[in-house]
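Coordinates from final-v4.cif are shown below (mmCIF, C-alpha atoms).
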```
data_entry
#
loop_
_atom_site.label_atom_id
_atom_site.label_comp_id
_atom_site.auth_asym_id
_atom_site.auth_seq_id
_atom_site.Cartn_x
_atom_site.Cartn_y
_atom_site.Cartn_z
CA MET A 91 -21.72 11.33 -24.40
CA SER A 92 -23.80 11.80 -21.28
CA ALA A 93 -22.15 11.99 -17.87
CA TYR A 94 -23.77 8.66 -16.98
CA ARG A 95 -22.30 6.93 -20.02
CA LEU A 96 -18.89 8.48 -19.35
CA VAL A 97 -18.90 7.21 -15.75
CA ALA A 98 -20.06 3.78 -16.90
CA ALA A 99 -17.34 3.63 -19.56
CA LEU A 100 -14.69 4.62 -17.02
CA ALA A 101 -15.94 1.97 -14.58
CA VAL A 102 -15.75 -0.73 -17.26
CA ALA A 103 -12.25 0.42 -18.24
CA MET A 104 -11.11 0.29 -14.63
CA LEU A 105 -12.45 -3.23 -14.22
CA ALA A 106 -10.69 -4.29 -17.40
CA ALA A 107 -7.36 -2.76 -16.28
CA PRO A 108 -4.49 -5.20 -15.99
CA VAL A 109 -4.43 -7.04 -12.67
CA PHE A 110 -0.76 -6.20 -12.33
CA ALA A 111 -1.30 -2.42 -12.38
CA GLN A 112 0.00 -2.24 -8.80
CA VAL A 113 3.47 -3.46 -9.88
CA LYS A 114 5.67 -0.37 -9.97
CA LYS A 115 9.09 -0.45 -11.58
CA VAL A 116 11.33 1.76 -9.47
CA GLU A 117 14.98 2.73 -9.88
CA VAL A 118 16.91 1.57 -6.81
CA PRO A 119 20.70 1.97 -7.07
CA GLY A 120 22.40 -1.42 -6.75
CA VAL A 121 19.23 -3.38 -7.55
CA THR A 122 18.39 -4.79 -10.99
CA ASN A 123 14.74 -4.76 -12.13
CA PHE A 124 13.21 -3.56 -8.83
CA ASN A 125 9.41 -3.94 -8.73
CA GLN A 126 7.39 -2.65 -5.79
CA ILE A 127 4.40 -4.98 -5.47
CA ASP A 128 2.72 -3.45 -2.43
CA ALA A 129 3.71 -1.94 0.92
CA VAL A 130 5.06 -5.29 2.16
CA PHE A 131 6.72 -6.97 -0.83
CA ALA A 132 9.01 -6.14 -3.72
CA CYS A 133 10.59 -8.42 -6.32
CA GLY A 134 13.60 -8.00 -8.54
CA GLY A 135 16.93 -9.15 -9.82
CA ALA A 136 20.58 -9.11 -8.81
CA THR A 137 21.43 -6.93 -5.85
CA ASP A 138 24.85 -5.70 -4.79
CA ALA A 139 26.06 -4.26 -1.45
CA THR A 140 24.88 -0.77 -2.43
CA GLY A 141 21.47 -2.21 -3.21
CA VAL A 142 21.32 -3.96 0.16
CA ALA A 143 22.04 -0.63 1.89
CA ASN A 144 19.30 1.05 -0.16
CA LEU A 145 16.83 -1.73 0.67
CA LYS A 146 17.61 -1.22 4.36
CA LYS A 147 16.97 2.53 3.99
CA GLN A 148 13.59 1.68 2.44
CA GLY A 149 12.71 -0.38 5.52
CA PHE A 150 12.99 -3.94 4.26
CA ALA A 151 13.36 -6.47 7.08
CA SER A 152 14.51 -9.36 4.90
CA ILE A 153 15.94 -10.35 1.56
CA ILE A 154 14.78 -13.66 0.11
CA SER A 155 17.24 -14.76 -2.55
CA PHE A 156 16.77 -17.54 -5.09
CA ARG A 157 20.25 -17.06 -6.55
CA LEU A 158 22.52 -20.09 -6.68
CA PRO A 159 25.64 -19.95 -4.49
CA THR A 160 27.76 -19.99 -7.67
CA GLU A 161 26.20 -16.81 -9.06
CA GLN A 162 28.41 -13.74 -9.01
CA GLY A 163 27.94 -11.50 -5.96
CA VAL A 164 25.86 -13.86 -3.81
CA ALA A 165 28.39 -14.06 -0.95
CA GLU A 166 28.89 -10.28 -0.98
CA GLU A 167 25.14 -9.69 -0.87
CA GLU A 168 24.72 -12.02 2.10
CA ALA A 169 27.62 -10.32 3.92
CA ALA A 170 26.12 -6.88 3.22
CA GLY A 171 22.79 -8.06 4.62
CA LYS A 172 24.46 -9.08 7.88
CA THR A 173 26.35 -5.78 8.06
CA LYS A 174 23.19 -3.74 7.42
CA GLY A 175 20.97 -5.79 9.73
CA ILE A 176 18.70 -7.29 7.08
CA LYS A 177 17.73 -10.94 7.48
CA TYR A 178 19.09 -12.88 4.50
CA ILE A 179 17.06 -15.95 3.53
CA HIS A 180 18.88 -17.96 0.89
CA LEU A 181 16.70 -20.42 -1.02
CA PRO A 182 18.80 -21.44 -4.06
CA LEU A 183 16.58 -22.28 -7.02
CA ASN A 184 17.77 -23.80 -10.27
CA GLY A 185 15.52 -22.25 -12.92
CA ALA A 186 15.98 -25.21 -15.28
CA MET A 187 15.10 -27.80 -12.62
CA PRO A 188 13.10 -26.08 -9.85
CA ASP A 189 12.75 -27.97 -6.56
CA PRO A 190 9.27 -27.96 -4.95
CA LYS A 191 10.94 -27.85 -1.51
CA VAL A 192 12.16 -24.34 -2.31
CA ALA A 193 8.58 -23.25 -2.98
CA ASP A 194 7.51 -24.79 0.35
CA GLU A 195 10.27 -22.88 2.17
CA PHE A 196 9.43 -19.68 0.31
CA LEU A 197 5.75 -19.81 1.26
CA ALA A 198 6.73 -20.27 4.91
CA ALA A 199 9.21 -17.38 4.72
CA VAL A 200 6.80 -14.86 3.17
CA SER A 201 4.05 -15.86 5.59
CA ASP A 202 6.25 -15.10 8.60
CA LYS A 203 5.50 -11.52 9.70
CA ALA A 204 9.03 -11.26 11.15
CA ASN A 205 10.37 -11.33 7.56
CA GLN A 206 8.18 -8.44 6.38
CA PRO A 207 8.62 -6.22 4.53
CA ALA A 208 10.57 -8.52 2.22
CA TYR A 209 12.55 -8.04 -0.97
CA ILE A 210 12.33 -11.22 -3.08
CA HIS A 211 14.84 -11.70 -5.87
CA CYS A 212 17.12 -13.77 -8.09
CA GLY A 213 19.51 -12.81 -10.90
CA GLY A 214 17.06 -11.22 -13.34
CA GLY A 215 13.70 -11.60 -11.64
CA GLY A 216 12.22 -14.70 -13.33
CA ARG A 217 12.73 -17.14 -10.47
CA ALA A 218 11.41 -14.56 -7.99
CA ALA A 219 8.39 -13.90 -10.22
CA SER A 220 7.58 -17.62 -10.46
CA MET A 221 7.69 -17.97 -6.68
CA TRP A 222 5.54 -14.85 -6.36
CA MET A 223 3.05 -16.43 -8.77
CA ILE A 224 2.82 -19.43 -6.44
CA LYS A 225 2.33 -17.17 -3.41
CA ARG A 226 -0.44 -15.18 -5.12
CA ALA A 227 -2.35 -18.32 -6.10
CA LEU A 228 -1.96 -20.31 -2.89
CA LYS A 229 -1.86 -17.61 -0.21
CA ASP A 230 -3.86 -14.79 -1.77
CA GLY A 231 -6.46 -16.89 -3.60
CA TRP A 232 -5.69 -15.61 -7.10
CA THR A 233 -6.27 -17.78 -10.16
CA ALA A 234 -3.10 -19.17 -11.73
CA ASP A 235 -3.74 -17.07 -14.86
CA ARG A 236 -4.11 -13.84 -12.91
CA ALA A 237 -1.00 -14.65 -10.84
CA ALA A 238 0.94 -15.43 -14.05
CA GLU A 239 -0.04 -12.04 -15.51
CA GLU A 240 1.39 -10.25 -12.50
CA ALA A 241 4.48 -12.48 -12.50
CA ASN A 242 5.14 -11.59 -16.15
CA ALA A 243 4.85 -7.89 -15.24
CA ILE A 244 7.64 -8.46 -12.71
CA ALA A 245 9.89 -10.43 -15.06
CA MET A 246 9.22 -12.64 -18.06
CA LEU A 247 8.70 -16.20 -16.91
CA SER A 248 10.61 -18.88 -18.77
CA PRO A 249 8.49 -21.78 -20.00
CA ALA A 250 10.15 -24.09 -17.42
CA LEU A 251 9.40 -21.73 -14.51
CA LYS A 252 5.82 -21.08 -15.62
CA THR A 253 5.20 -24.82 -15.97
CA PHE A 254 6.76 -25.46 -12.57
CA ALA A 255 4.67 -22.76 -10.88
CA THR A 256 1.45 -23.88 -12.60
CA ASN A 257 2.04 -27.54 -11.65
CA TYR A 258 2.98 -26.63 -8.06
CA ILE A 259 -0.18 -24.55 -7.70
CA ALA A 260 -2.35 -27.36 -9.10
CA ALA A 261 -0.77 -29.90 -6.74
CA HIS A 262 -1.26 -27.70 -3.67
CA LYS A 263 -4.78 -26.26 -4.17
#
```

Written as structure tokens, that's how I'd like the structure from this file.
Amino acid sequence: MSAYRLVAALAVAMLAAPVFAQVKKVEVPGVTNFNQIDAVFACGGATDATGVANLKKQGFASIISFRLPTEQGVAEEEAAGKTKGIKYIHLPLNGAMPDPKVADEFLAAVSDKANQPAYIHCGGGGRAASMWMIKRALKDGWTADRAAEEANAIAMLSPALKTFATNYIAAHK
């Protein structure tokens, strides 16, 4: 194969690479399913007090949590955030019956530079991924399909959350 063809083949392969290649799964003690999205945002799952301390060490200014108040460890996480000086933004989201108002509040929170860098999470990552999908489509101009691909790289979206995110995006374009 000529050098030209090799370069052309590599260029085509790079263009065909998954859009979610920037999502990096990283081991962070005290954090479940941590995914670094870029220099400003990360998404993941349940986070304990040790995880909050580690997020602070990494330079996160805020934690945006979609966990319900009844989920185990939520109160402890919020208390750890206050102790460590991380802004705790609690936007409870029921994954079976998502509320569009939570998406509205989330978009405002991630758009506020005072909250950045932000760690966005729920129990396993699915609710956070669905909200991230909405952000990508409405704030970053991605197509819903491309945003869904990245969201699924963060955490598998349930059918209810994917439908919610897709419908929310369509209603707010």

Tell me which protein, DNA and RNA residues are within 7 Å of range 142-146 of chain A, counting all atoms listed in the file, leaving out same-chain ones fewer than 5 positions away, and put them as a ChimeraX atom specification.
-> /A:137,167,170-171,174,176

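Candidate residues A:Ala218, A:Ile153, A:Val118, A:Ile179 were compared for distance to Ser248 in chain A, and the nearest is A:Ala218, using all atoms listed in the file.
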
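One distance worth recording is that between CA of Trp232 in chain A and CA of Lys263 in chain A, which is 11.1 Å.
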
Resolved residues for the PyMOL selection byres ((chain A and resi 225) around 9) as a short mmCIF file (atom, residue, chain, number, x, y, z; two decimals) with C-alpha atoms, in the frame of the given file:
```cif
data_model
loop_
_atom_site.label_atom_id
_atom_site.label_comp_id
_atom_site.auth_asym_id
_atom_site.auth_seq_id
_atom_site.Cartn_x
_atom_site.Cartn_y
_atom_site.Cartn_z
CA ALA A 193 8.58 -23.25 -2.98
CA PHE A 196 9.43 -19.68 0.31
CA LEU A 197 5.75 -19.81 1.26
CA VAL A 200 6.80 -14.86 3.17
CA SER A 220 7.58 -17.62 -10.46
CA MET A 221 7.69 -17.97 -6.68
CA TRP A 222 5.54 -14.85 -6.36
CA MET A 223 3.05 -16.43 -8.77
CA ILE A 224 2.82 -19.43 -6.44
CA ARG A 226 -0.44 -15.18 -5.12
CA ALA A 227 -2.35 -18.32 -6.10
CA LEU A 228 -1.96 -20.31 -2.89
CA LYS A 229 -1.86 -17.61 -0.21
CA ASP A 230 -3.86 -14.79 -1.77
CA GLY A 231 -6.46 -16.89 -3.60
CA TRP A 232 -5.69 -15.61 -7.10
CA ALA A 237 -1.00 -14.65 -10.84
CA ILE A 259 -0.18 -24.55 -7.70
#
```

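Every polymer residue reaching to within 8 Å of (9.5, -14.7, -13.5), counting only C-alpha atoms, appears in this list: Gly215, Gly216, Arg217, Ala218, Ala219, Ser220, Met221, Ala241, Asn242, Ile244, Ala245, Met246, Leu247, Ser248, Leu251 and Lys252 of chain A.
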
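Closest approach to Gly175 in chain A among A:Ala260, A:Ile210, A:Val113, A:Ala151: A:Ala151, based on all atoms listed in the file.
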
Between CA of Gln148 in chain A and CA of Asp128 in chain A, distance in Å (one decimal) = 13.0 Å

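We find CA of Cys212 in chain A and CA of Asn184 in chain A to be spaced 10.3 Å apart.
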
Padding of 5 Å on every side, edges along x, y and z, all listed atoms of range 134-148 of chain A included: what centre and edge lengths in Å, to one decimal, does that box have, as JSON?
```
{"center_x": 19.8, "center_y": -3.3, "center_z": -2.7, "size_x": 22.5, "size_y": 21.7, "size_z": 24.2}
```

Contacts of Gln206 in chain A at 7 Å (only C-alpha atoms; same-chain gap of 6+ positions) as a ChimeraX atom specification = /A:130,150-152

Print the selection's residues with C-alpha atoms to a file, as a PDB file, in the coordinates of the input.
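This went into part_39.pdb:
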```
ATOM      1  CA  VAL A 130       5.060  -5.290   2.160  1.00  0.00           C
ATOM      2  CA  PHE A 150      12.990  -3.940   4.260  1.00  0.00           C
ATOM      3  CA  ALA A 151      13.360  -6.470   7.080  1.00  0.00           C
ATOM      4  CA  SER A 152      14.510  -9.360   4.900  1.00  0.00           C
TER       5      SER A 152
END
```

The residue from A:Ala136, A:Val121, A:Ala208, A:Leu183 with the smallest atom-to-atom distance to Ile154 in chain A, counting only C-alpha atoms, is A:Ala208

Find the residues around Pro159 in chain A up to 10 Å (all atoms listed in the file counted), leave out those fewer than 2 positions away in its own chain, and share them as a VMD selection string.
-> chain A and resid 156 to 157 161 to 165 180 to 183

All residues 6 Å or closer to Cys133 in chain A, only C-alpha atoms, same chain fewer than 5 positions away omitted, as a ChimeraX atom specification | /A:125,209-211

Surrounding residues of Phe124 in chain A excluding itself and chain neighbours under 2 positions, 6 Å, only C-alpha atoms, as a PyMOL selection string | chain A and resi 115-116+122+134

Since the input lacks some atoms of range 247-263 of chain A, please model N, CA and C atoms and print them as an mmCIF file, keeping the file's coordinate frame.
```
data_model
loop_
_atom_site.group_PDB
_atom_site.id
_atom_site.type_symbol
_atom_site.label_atom_id
_atom_site.label_comp_id
_atom_site.auth_asym_id
_atom_site.auth_seq_id
_atom_site.Cartn_x
_atom_site.Cartn_y
_atom_site.Cartn_z
ATOM 1 N N LEU A 247 8.511 -14.829 -17.374
ATOM 2 C CA LEU A 247 8.700 -16.200 -16.910
ATOM 3 C C LEU A 247 9.181 -17.087 -18.054
ATOM 4 N N SER A 248 10.186 -17.896 -17.778
ATOM 5 C CA SER A 248 10.610 -18.880 -18.770
ATOM 6 C C SER A 248 9.540 -19.968 -18.831
ATOM 7 N N PRO A 249 9.466 -20.700 -19.936
ATOM 8 C CA PRO A 249 8.490 -21.780 -20.000
ATOM 9 C C PRO A 249 8.660 -22.801 -18.860
ATOM 10 N N ALA A 250 9.908 -23.112 -18.497
ATOM 11 C CA ALA A 250 10.150 -24.090 -17.420
ATOM 12 C C ALA A 250 9.626 -23.574 -16.085
ATOM 13 N N LEU A 251 9.861 -22.294 -15.789
ATOM 14 C CA LEU A 251 9.400 -21.730 -14.510
ATOM 15 C C LEU A 251 7.886 -21.587 -14.473
ATOM 16 N N LYS A 252 7.283 -21.199 -15.596
ATOM 17 C CA LYS A 252 5.820 -21.080 -15.620
ATOM 18 C C LYS A 252 5.179 -22.449 -15.444
ATOM 19 N N THR A 253 5.720 -23.465 -16.114
ATOM 20 C CA THR A 253 5.200 -24.820 -15.970
ATOM 21 C C THR A 253 5.357 -25.308 -14.531
ATOM 22 N N PHE A 254 6.526 -25.062 -13.958
ATOM 23 C CA PHE A 254 6.760 -25.460 -12.570
ATOM 24 C C PHE A 254 5.747 -24.801 -11.645
ATOM 25 N N ALA A 255 5.584 -23.486 -11.761
ATOM 26 C CA ALA A 255 4.670 -22.760 -10.880
ATOM 27 C C ALA A 255 3.230 -23.246 -11.067
ATOM 28 N N THR A 256 2.817 -23.418 -12.313
ATOM 29 C CA THR A 256 1.450 -23.880 -12.600
ATOM 30 C C THR A 256 1.218 -25.270 -12.006
ATOM 31 N N ASN A 257 2.173 -26.176 -12.187
ATOM 32 C CA ASN A 257 2.040 -27.540 -11.650
ATOM 33 C C ASN A 257 2.055 -27.546 -10.112
ATOM 34 N N TYR A 258 2.909 -26.715 -9.528
ATOM 35 C CA TYR A 258 2.980 -26.630 -8.060
ATOM 36 C C TYR A 258 1.650 -26.125 -7.513
ATOM 37 N N ILE A 259 1.104 -25.094 -8.131
ATOM 38 C CA ILE A 259 -0.180 -24.550 -7.700
ATOM 39 C C ILE A 259 -1.262 -25.633 -7.786
ATOM 40 N N ALA A 260 -1.328 -26.325 -8.913
ATOM 41 C CA ALA A 260 -2.350 -27.360 -9.100
ATOM 42 C C ALA A 260 -2.226 -28.480 -8.057
ATOM 43 N N ALA A 261 -0.999 -28.820 -7.711
ATOM 44 C CA ALA A 261 -0.770 -29.900 -6.740
ATOM 45 C C ALA A 261 -1.049 -29.481 -5.305
ATOM 46 N N HIS A 262 -1.109 -28.182 -5.045
ATOM 47 C CA HIS A 262 -1.260 -27.700 -3.670
ATOM 48 C C HIS A 262 -2.549 -26.935 -3.402
ATOM 49 N N LYS A 263 -3.485 -26.959 -4.344
ATOM 50 C CA LYS A 263 -4.780 -26.260 -4.170
ATOM 51 C C LYS A 263 -5.599 -26.963 -3.105
#
```
